[in-house]
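Below: one structure, written as C-alpha cells.
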Amino acid sequence: MKAKRVVLIGWDAADWKVIDQLIERGHMPTLEGMMKKGVRGNLSTLEPVLSPMLWTSIATGKYADKHGIHGFTEPDHEAGIVRPISSTSRKSRAFWNILTNQGKKTNVFSWWPSNPAEPIDGIMVSNLYQRANKPLKKGWPMNVGTVHPSELTDHFKSVRIHPDELTEEHILPFLPEAAKIDQEKDKRLGALSKIIADAATVHSASTWALEHTEWDLTAIYHDAIDHACHAFMKLRAPKLPGVPEDLFEIYKDAVDGMYRFHDMMLERTLKLVGPDTNVILISDHGFQSDHMRPLSLPKEPAGPAAEHRKHGIICCFGPDFNEGQTIYGSSILDITPTLLTLFGLPIGEDMDGTPLLQAFKTPPTVKTISSWEHVDGHFGEHSKDFKVSKEEAQQAVKQLVELGYVDDLGEDMAKAMLNTDIELKYNLSKVYLSTSRSQQALELLEEVNKLKEEFRFQIRIVDCLKRLNRFDESLEMLATIERQDSENKKTRSISLARADVFKAKGDYNEALKVLINMQNEIGNVPSILKSLGDCYLSLERWKDAVKVYSICLTIDAHDASAYKAIASAYLNLKEFEKAIEAALTATELFYQFPSAHYILGQALAGLGEFEMAARSFEVVLKMRPAYSAASIALENLYQNNEINRDKLFDNVHVEKGDAKQVQSKPSKSLDKSSDAKSFKGRKLGQMVVVSGLPRSGTSLMMQMLAAGGMEIYQDNQRKPDENNPKGFFEHDNIKALMKGNQWQREAKGKALKVVSPLVRFLSPAYSYKVIVMKRDIIEIVNSQHKMLVRARKSDADSYPIRMEETLKKQYNGAINWMKNQPNFEVMEIDFTEAVNNPKKTSEQVADFLKQDLDRGKMAASSDKSLYRNRN
Amino acid sequence: MTEEEKQLKNIPLKGSLGLLALGYVGLQAWRAKKQFEFKKDKNKGKSDEG
C-alpha cells in the first residue's frame, strides 16, 4: 500500500495552556477540529531549551551531542568570524536526507537551522528566507543559498511580504488599540509587524509549493508564536504585577492574536493538503503563560529560554492516526522515527527516539537499521567542501542580534569567537547533564570555567561533583563561589546547592538547617519548599512533608512532583486512599512519571488490590525497564499473592510486527488496560452518563433520572428556555472536558450529561454506566436547526442537507468506541419510546443502573407535549 | 471586468489579514486589490482634474 503524504508543521513555543483557553472561546476552530478527529498530547522537550538544538533533534531523532548543533551561532575560525549556526554544521542526517535517499520528494520551509538550503529531492527554503532587516525602500535581496533549487529563487523572492507592506488592517486584529502607541518611544509595533510578515512569507511560500509541486512530505516551521511570546507574553492577561496599565491595555491581545492567525493559516494548509494526508503539528517546547511567567530573565546569552516550559504540543490527524485520543510520554526525539515509520522506512538504532505507535490507528511494523549515517547513496547533502561567504555570515548574525537571540558581538571578533565557543560547550554540557553523563559534563564545564570564570559554570560544576559523589570538592567549590559573591547576589542558589550536597551525602539534618534558615529569611518559594519537603521525606517526617508540599500546591496547583511527594508521604503513613488520590493526580498531570506510577502501585497493594497494583508496576517497567524496585515489587506480588500472570497480561497491548525489532526499541505505546487509572476507578467511583447526539433527548433522560432521585452533576448555568423548557442539566466543566477531567471526582456517583463527541475525553479512572439516547437523525437535524434559528445562528429557510450523514457517523463512531471500552457499560434508549412509553423506559433504566430509583416519578416526568420536531 | 477584478471575485474576502492567511493565492489577491485601488484612486484624481 502506498504511504500517505505527510505534512509536519512546527509552531515554535506553542503551548496547550494557551491553545485550550482559545479553543474554549471558539478562537482556534481549525485546531479544535484537528484535535477532535486526531490525537493530542504533550511533547517533552530537551535540555537546553534552545530552538536550533531542539528543531535539529526533531529532524534527526537524536540528542545534540550526536547531531552537532549546539547553539545559535558558531565560530568560523578559518574566516575569522562568528556566523549563525548553519546546516553545514549538522553532523547527522535529517529526515529530509533519508527521504531523499529513499526516493521521496520532500519540501522543507524555514526549518531551523537550514541555511544554506540542502540539495534534497524537493524544495528547501531556508530559515533566513523570510527575514527583512532593512526598510523595503532600501531593497530586499535574497541571500545566496536561501532556496533549493536555485531556479526557484526569483519565484520565492516574489512571494515574500515585507513588514513595511503591512497596513493597519493587518495590525489591528492583533492590537485593536494600536493607535495609542507612541511609536517614537515604543518600538514594539515594528517588532510585531516583522513577526506577522515573517509568518505570512513562510505561509505564502509553503502554500504555493503544496499546491503546485509534487511532494511526499512537506515540513513547515514557524517561529512567530515564540517571537510573539517573548515580546508580548508578559503583557497578556491576567495582568502581572508591575505591568503598567496602559501597556497592558495595548498589548494584552498580541499573543492570542498570533495563535489565532496560525489557526487561520492552518485552515488553509489543511484545505490544500486534503483529507488523505497525515498531518502532525508540533512545538519544541511550551511557554509560561500564567502566574509562572518569570518577571526577570537570567543575564546570560540565551536567557530568554527561561520563559520556556518543558512541554510542547503534538497533534496528529489524518488517515493513519487514531481519533479522539490523548497520547502520553512523547518526546521531540520521537518525531523523525514516527515520520520514517509512516513511510514504512526503518528507524536508525542510533536514534534516541521511538515511533509514537500509540498515535496510530493500526500500529505499524517498526523496522530498524543500525544507522542511516553509514548508508551510501544520494542523501541531498552539501558537499564536504561547501563554504558560506564571510559577508553572508555576518549579515545573518546581525539578524540574530536584532531578534535578541544573541548579544551584539561588537568589534572584537576574537573575543566574540571565544565567547561563542564557550556558549557552545556550555550548551553541550547541559545535554550531558540532562542525560546523566556527569563526567563528560564536568570536563566541559571545567574547560569553559578556565576560559571565563562565571557563576553559571561553577554552580553546575558543583552539581557534577555532587552527582559523582565528590562531596568534599563540591562543598569546597561552593565556599569559593561564596567568597567571590561579595554582593551576596547568589546566596539563594549557593545555599540551595549546599543543601543538595548535604542531602546527597545523607546528612539530612545539616541540609534541613540550611533550608529552614533560608525559609525564615526568604519565605515560601517553591525551590526552598521542595528541597525542604525532600528532606522531610528522607527523614521520614511524613506529616511535615505533606504540609510543605501542600504549600507548594498553593503556589502551583499543577505541580505533578509535589503531588507525587505527597503520595509518597501518605503511603508511608499507610493512608493508602490518600496516597492513591495524590499519585493519580500526579500521573494525570504528567503521565510519563514512572515513580508516581510506582507509588500508585504500592498504595494499591497496600489496599489489597494486588492485580491493579501489578498493572501499575507493569506501567512503570514499560516506561523505564530498569526500574528495579518495580520489578521486585511485581515479582513479590506474583509469589505472595498468587496472581495469575497469564490473566494479568491478557489485556496488555502486544506490538504488531516483528517482535525482535520492536524489542530493540521499546515502544511508548501503553495500552489503556495497562493504565492503573482505569482500575482504581472501578473501586472508587462510578458515574451514570447520559449521552447521545445534541438534541437526541438527553435532557429528557436527565429529567427522568432527577425525578427518580438520582443526584445530577449540573451547575444550572444554562437556564431553561424554549429549546429545553425543563432545563438542560449541564455543567460548564463537562463542556470543557477536552481541556481536562480532574473535576470528575466531584461527579462520582452522580449522573452527568455528556454529548457523544465528548465521551472519549472522560477519565479512564472511573467506570461508567452509559444511557445513550437514540433518535431519528432527521428529527435531530430539525431540532438542532430550530435551536440554531432561535439563537439566530442559522437561517430559517436553509436546511443543513449534509448534516444527516455527519451526525450518523458521529453517533456510530461514539457508540462503537464506548462499547469497546472495558470501563463502559452501555444501554441504548429510543427517544420516541421514552416519550410514548415512559413507564417501560423507566423500568429499563432503573434495572440497568441497579439503583433504587422511584420508577413511578421517573415515568411521570416524561412530558409528551415536549416531543416536537417529529419526522 | 479587469483581470484584477476577476481574480478578486474568486477569493473569499476575509479582510487583509484573512487574505494573508490564505497564503500564496491570498497574497496575490491582496496585492492585486492594492494595485486596483491605487489605479482607481489615480483615475479618480484624473477625472476630478478634468
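Chain identifiers are assigned as A, B, and so on, following the order in which chains appear in the C-alpha cells; residues are numbered from 1 within each chain, and ligands are numbered from 1 in order of appearance.
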
7 Å contacts from chain B to chain A using only C-alpha atoms, as a tab-separated table (two decimals) with N, CA and C atoms, in the first residue's frame:
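What landed in out26.tsv:
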chain	number	residue	atom	x	y	z
B	16	SER	N	-7.83	41.99	5.09
B	16	SER	CA	-6.44	41.87	4.64
B	16	SER	C	-5.68	40.75	5.35
B	17	LEU	N	-5.91	40.61	6.66
B	17	LEU	CA	-5.20	39.55	7.38
B	17	LEU	C	-5.69	38.18	6.92
B	20	LEU	N	-3.88	37.22	3.88
B	20	LEU	CA	-2.53	36.68	4.17
B	20	LEU	C	-2.61	35.23	4.65
B	21	ALA	N	-3.66	34.95	5.42
B	21	ALA	CA	-3.81	33.58	5.94
B	21	ALA	C	-4.14	32.59	4.82
B	22	LEU	N	-4.59	33.10	3.69
B	22	LEU	CA	-4.83	32.20	2.56
B	22	LEU	C	-3.54	31.85	1.83
B	23	GLY	N	-2.44	32.43	2.27
B	23	GLY	CA	-1.15	32.07	1.70
B	23	GLY	C	-0.91	32.73	0.36
B	24	TYR	N	-0.25	31.98	-0.50
B	24	TYR	CA	0.20	32.50	-1.80
B	24	TYR	C	-0.94	33.17	-2.55

Residue contacts of Asn636 (chain A) (12 Å, only C-alpha atoms) excluding same-chain residues fewer than 2 positions away, as a list in words
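Counting only the stated atoms, we get Gln602, Ala605, Phe610, Ala613, Ala614, Phe617, Ala629, Ala630, Ser631, Ile632, Ala633, Leu634, Tyr638, Gln639, Asn640, Asn641, Glu642 and Ile643 of chain A.
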
Neighbours of Pro48 (chain A) within 12 Å (only C-alpha atoms; same-chain residues fewer than 3 positions away dropped), as a ChimeraX atom specification?
/A:45,51-54,57,63-65,69-72,284-285,302-306,308-310,423-435

Put those residues in a file: N, CA, C and O atoms, as a CSV table (one decimal), in the first residue's frame.
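Result written to selection.csv:
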chain,number,residue,atom,x,y,z
A,45,THR,N,10.3,18.4,25.9
A,45,THR,CA,11.5,19.0,25.3
A,45,THR,C,12.8,18.4,25.8
A,45,THR,O,12.8,17.5,26.6
A,51,SER,N,16.1,26.7,20.6
A,51,SER,CA,15.4,26.2,19.4
A,51,SER,C,16.3,25.6,18.3
A,51,SER,O,15.9,24.5,17.8
A,52,PRO,N,17.4,26.1,17.9
A,52,PRO,CA,18.2,25.4,16.9
A,52,PRO,C,18.6,24.0,17.3
A,52,PRO,O,18.5,23.1,16.4
A,53,MET,N,18.9,23.8,18.5
A,53,MET,CA,19.2,22.4,19.0
A,53,MET,C,18.0,21.5,19.0
A,53,MET,O,18.1,20.4,18.5
A,54,LEU,N,16.9,22.1,19.4
A,54,LEU,CA,15.7,21.3,19.5
A,54,LEU,C,15.1,20.9,18.2
A,54,LEU,O,14.8,19.7,17.9
A,57,SER,N,17.1,18.2,16.8
A,57,SER,CA,16.8,16.9,17.4
A,57,SER,C,15.5,16.4,16.8
A,57,SER,O,15.3,15.2,16.6
A,63,TYR,N,19.9,13.3,20.2
A,63,TYR,CA,20.4,14.3,21.1
A,63,TYR,C,21.4,15.2,20.4
A,63,TYR,O,22.1,14.7,19.5
A,64,ALA,N,21.6,16.4,21.0
A,64,ALA,CA,22.5,17.3,20.3
A,64,ALA,C,24.0,16.9,20.3
A,64,ALA,O,24.7,17.3,19.3
A,65,ASP,N,24.4,16.1,21.2
A,65,ASP,CA,25.8,15.6,21.1
A,65,ASP,C,26.0,14.8,19.8
A,65,ASP,O,27.1,14.7,19.3
A,69,ILE,N,24.5,20.4,16.5
A,69,ILE,CA,24.1,21.8,16.6
A,69,ILE,C,23.9,22.1,18.1
A,69,ILE,O,23.1,21.6,18.8
A,70,HIS,N,24.8,23.1,18.5
A,70,HIS,CA,24.9,23.3,20.0
A,70,HIS,C,24.5,24.8,20.3
A,70,HIS,O,24.8,25.2,21.5
A,71,GLY,N,24.0,25.5,19.4
A,71,GLY,CA,23.6,26.9,19.8
A,71,GLY,C,23.1,27.7,18.6
A,71,GLY,O,22.9,27.2,17.6
A,72,PHE,N,23.0,29.0,18.9
A,72,PHE,CA,22.5,29.9,17.8
A,72,PHE,C,23.6,30.3,16.8
A,72,PHE,O,23.3,30.5,15.6
A,284,ASP,N,8.3,22.7,19.9
A,284,ASP,CA,9.5,22.2,20.5
A,284,ASP,C,9.6,22.3,22.0
A,284,ASP,O,10.3,21.7,22.7
A,285,HIS,N,8.8,23.3,22.5
A,285,HIS,CA,8.6,23.5,24.0
A,285,HIS,C,7.4,24.4,24.2
A,285,HIS,O,6.8,24.9,23.2
A,302,ALA,N,21.2,33.6,25.6
A,302,ALA,CA,20.0,32.7,25.5
A,302,ALA,C,19.2,32.8,26.8
A,302,ALA,O,18.4,31.8,27.1
A,303,GLY,N,19.3,33.8,27.6
A,303,GLY,CA,18.5,34.0,28.8
A,303,GLY,C,17.0,33.9,28.6
A,303,GLY,O,16.3,33.4,29.4
A,304,PRO,N,16.5,34.4,27.4
A,304,PRO,CA,15.0,34.3,27.2
A,304,PRO,C,14.5,32.9,27.3
A,304,PRO,O,13.3,32.7,27.5
A,305,ALA,N,15.3,31.9,27.1
A,305,ALA,CA,14.9,30.5,27.2
A,305,ALA,C,14.3,30.2,28.6
A,305,ALA,O,13.5,29.2,28.7
A,306,ALA,N,14.5,31.0,29.6
A,306,ALA,CA,14.0,30.8,30.9
A,306,ALA,C,12.4,30.9,30.9
A,306,ALA,O,11.8,30.4,31.8
A,308,HIS,N,10.6,29.5,28.7
A,308,HIS,CA,10.0,28.3,28.0
A,308,HIS,C,9.5,27.3,29.1
A,308,HIS,O,10.0,27.3,30.2
A,309,ARG,N,8.6,26.5,28.7
A,309,ARG,CA,8.0,25.4,29.5
A,309,ARG,C,8.5,24.1,28.9
A,309,ARG,O,8.7,24.0,27.7
A,310,LYS,N,8.5,23.1,29.8
A,310,LYS,CA,9.1,21.8,29.4
A,310,LYS,C,8.3,21.1,28.3
A,310,LYS,O,8.8,20.2,27.6
A,423,GLU,N,29.9,29.3,24.8
A,423,GLU,CA,28.5,29.0,24.9
A,423,GLU,C,28.2,27.7,24.3
A,423,GLU,O,27.3,26.9,24.9
A,424,LEU,N,28.8,27.3,23.2
A,424,LEU,CA,28.5,26.0,22.6
A,424,LEU,C,28.9,24.9,23.5
A,424,LEU,O,28.2,23.9,23.7
A,425,LYS,N,30.0,25.0,24.2
A,425,LYS,CA,30.5,24.0,25.1
A,425,LYS,C,29.6,23.9,26.3
A,425,LYS,O,29.3,22.8,26.9
A,426,TYR,N,29.2,25.1,26.8
A,426,TYR,CA,28.3,25.1,28.0
A,426,TYR,C,26.9,24.4,27.6
A,426,TYR,O,26.4,23.6,28.4
A,427,ASN,N,26.4,24.7,26.4
A,427,ASN,CA,25.2,24.1,26.0
A,427,ASN,C,25.3,22.6,25.9
A,427,ASN,O,24.5,21.8,26.3
A,428,LEU,N,26.5,22.2,25.4
A,428,LEU,CA,26.7,20.7,25.3
A,428,LEU,C,26.8,20.1,26.7
A,428,LEU,O,26.3,19.0,26.9
A,429,SER,N,27.4,20.8,27.6
A,429,SER,CA,27.5,20.3,29.0
A,429,SER,C,26.1,20.1,29.6
A,429,SER,O,25.8,19.1,30.3
A,430,LYS,N,25.1,20.9,29.2
A,430,LYS,CA,23.8,20.8,29.7
A,430,LYS,C,23.1,19.5,29.1
A,430,LYS,O,22.3,18.9,29.7
A,431,VAL,N,23.5,19.2,27.8
A,431,VAL,CA,23.0,18.0,27.2
A,431,VAL,C,23.5,16.8,28.0
A,431,VAL,O,22.7,15.9,28.4
A,432,TYR,N,24.8,16.8,28.3
A,432,TYR,CA,25.3,15.7,29.1
A,432,TYR,C,24.7,15.6,30.5
A,432,TYR,O,24.4,14.5,30.9
A,433,LEU,N,24.5,16.8,31.1
A,433,LEU,CA,23.9,16.7,32.5
A,433,LEU,C,22.5,16.1,32.4
A,433,LEU,O,22.1,15.4,33.3
A,434,SER,N,21.8,16.5,31.4
A,434,SER,CA,20.4,16.1,31.3
A,434,SER,C,20.3,14.6,30.9
A,434,SER,O,19.2,14.0,31.0
A,435,THR,N,21.4,14.0,30.5
A,435,THR,CA,21.3,12.6,30.1
A,435,THR,C,22.2,11.8,31.0
A,435,THR,O,22.8,10.7,30.6

As a ChimeraX atom specification, please: the residues near Leu539 (chain A) (cut-off 12 Å, only C-alpha atoms, same-chain neighbours under 2 positions excluded).
/A:503,506-512,532-537,541-545,569,572

Could you please write out, as an MDAnalysis selection string, every residue of region 188-278 of chain A that DSSP assigns to alpha helix (DSSP H)?
chainID A and resid 188:212 224:232 245:251 254:273

Apply DSSP to the backbone of this structure and, from region 240-297 of chain A, keep only the residues in strand (DSSP E or B); write these as an NGL selection string.
:A and (278-282 or 286-287)

When you look at Leu175 (chain A) with a cut-off of 10 Å (counting only C-alpha atoms), what residues show up, excluding the ones that are within fewer than 2 positions of it in the same chain? I need them as a list in words.
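My list of contacting residues is Glu168, His170, Ile171, Leu172, Pro173, Glu177, Ala178, Ala179, Lys180, Ile181, Leu189, Leu192, Glu249, Ile250, Tyr251, Lys252, Asp253, Ala254, Val255 and Gly257 of chain A.
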